[in-house]
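See below for the structure under consideration.
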Amino acid sequence: MAKRVLVKFSGEALAGKEGYGIDTQILKFIASEIKSLIDAGIQVGVVVGGGNIIRGVTAASDGIITRTSGDYMGMLATVINGVAIQEALEHIGVETRLQTAIDMQEIGEAFIVRRARRHLEKGRVVVFAGGTGNPYFTTDTAATLRASEIGADMLIKATKVDGVYDRDPNKYPDAVKLDTISYDKALEDHIKVMDDTAIAQAKDNKLPIVVCNMFEKGNLLKIINGDTSLCSVVK
């Protein structure tokens with residue numbers, strides 16, 4: 001069983017049916033799922049995207065906002081989501097620390113890997129916000145980076161589907177779920193689990209990427225306990 005994991009949530013997942021902003025009922029569900037891991041003695045880091053508020057690429061699409069500024073706006077969105085997740089976790093009694101890649105001491109600690117590891121060892125959840133702190137990198141890349149830095153046993157990409165398919169299961173009823181995919185195959189086929197930079201980084205650090213449905217109660221703990229039927233694994 002994995003002892004230390006990093007869970008990556010998309011920002012869009014926090015928006016619920018509205019498609020924008022933060023649905024507090026989804027926050028409550030995510031917090032309870034993370035708490036189940038903490039209660040099982042697992043150390044948990046979290047990275048969250050910002051697409052429910054703004055996406056840098058979209059903001060910069062017509063050229064009025066530069067890509068660099070758009071990406072910084074996206075990083076700030078992840079901080080908003082990070083604060084929300086911290087609040088939801090602490091609301092149910094889970095001690096949590098927010099660390100940001102962009103210095104904003106009134107909101108969270110600066111990211112320091114040794115401090116993050118110490119928090120994890122003490123049973124605290126660490127929410128990593130602000131992406132990598134650099135434009136032109138996605139929060140998927142931030143997730144593989146932070147997972148590698150803290151020495152996570154696996155990176156869980158919590159999505160709306162139960163794994164990776166050979167084609168879109170929403171469009172093709174005969175789509176086949178792929179239980180295991182090699183890093184090289186994932187890169188060759190440009191599968192949409194994570195961007196190529198993130199997958200290449202995971203490959204370099206021998207970090208398994210687990211893709212699962214975040215909306216199935218108990219999934220995260222079952223997967224960490226070894227139930228591979230609920231997910232796809234890139235390794």
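Just so we're on the same page: first chain in the structure tokens is A, next is B, and so on; residues restart at 1 for each chain, and ligands are numbered from 1 in the order they show up.
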
Could you make a table, as JSON lines, of the residues of segment 16-81 of chain A that have an atom within 12 Å of an atom of segment 144-164 of chain A, each with its nearest atom pair and distance in Å to one decimal, counting only C-alpha atoms, in chain and number order?
```
{"residue": "A:Gly16", "atom": "CA", "partner": "A:Lys160", "partner_atom": "CA", "distance": 11.2}
{"residue": "A:Ile30", "atom": "CA", "partner": "A:Ala158", "partner_atom": "CA", "distance": 10.2}
{"residue": "A:Glu33", "atom": "CA", "partner": "A:Ala158", "partner_atom": "CA", "distance": 11.3}
{"residue": "A:Ile34", "atom": "CA", "partner": "A:Ala158", "partner_atom": "CA", "distance": 11.7}
{"residue": "A:Ile42", "atom": "CA", "partner": "A:Asp153", "partner_atom": "CA", "distance": 10.6}
{"residue": "A:Gln43", "atom": "CA", "partner": "A:Ala152", "partner_atom": "CA", "distance": 8.8}
{"residue": "A:Val44", "atom": "CA", "partner": "A:Ala152", "partner_atom": "CA", "distance": 8.7}
{"residue": "A:Gly45", "atom": "CA", "partner": "A:Ala147", "partner_atom": "CA", "distance": 7.8}
{"residue": "A:Val46", "atom": "CA", "partner": "A:Arg146", "partner_atom": "CA", "distance": 9.1}
{"residue": "A:Val47", "atom": "CA", "partner": "A:Arg146", "partner_atom": "CA", "distance": 8.3}
{"residue": "A:Val48", "atom": "CA", "partner": "A:Ala158", "partner_atom": "CA", "distance": 10.0}
{"residue": "A:Gly49", "atom": "CA", "partner": "A:Lys157", "partner_atom": "CA", "distance": 11.3}
```

Checklist entry - Near Glu87 of chain A, counting only C-alpha atoms, which residues have an atom at most 12 Å away, once you skip same-chain residues fewer than 4 positions from it, shown as a ChimeraX atom specification? => result /A:24,27-28,30-31,80-83,91-98,107,125,127

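Proximity of A:Leu76, A:Ile191, A:Ile209, A:Ala2 to Lys222 of chain A, computed with only C-alpha atoms, is greatest for A:Ala2.
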
Checklist entry - Could you pull out all residues of chain A with a DSSP call of strand (DSSP E or B) and give them as a ChimeraX atom specification? => result /A:4-9,43-48,96-100,109-110,125-129,154-159,164-165,177-178,180-181,209-213,231-234

Item to check | Residues within 6 Å of segment 130-132 of chain A, only C-alpha atoms, excluding chain neighbours under 5 positions, as a PyMOL selection string | outcome: chain A and resi 75+78-79+100-102+139+142

So that I have them on file, write out the residues from the current selection with C-alpha atoms, as a short mmCIF file (atom, residue, chain, number, x, y, z; two decimals), in the first residue's frame.
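Now in out_35.cif:
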```
data_model
loop_
_atom_site.label_atom_id
_atom_site.label_comp_id
_atom_site.auth_asym_id
_atom_site.auth_seq_id
_atom_site.Cartn_x
_atom_site.Cartn_y
_atom_site.Cartn_z
CA MET A 75 -1.92 30.41 -11.07
CA THR A 78 -5.35 27.78 -8.24
CA VAL A 79 -4.57 29.66 -5.04
CA THR A 100 2.17 28.52 -2.79
CA ALA A 101 4.70 28.66 -5.61
CA ILE A 102 4.18 32.44 -5.72
CA THR A 139 -0.96 22.20 -13.19
CA ALA A 142 3.04 21.02 -11.23
#
```
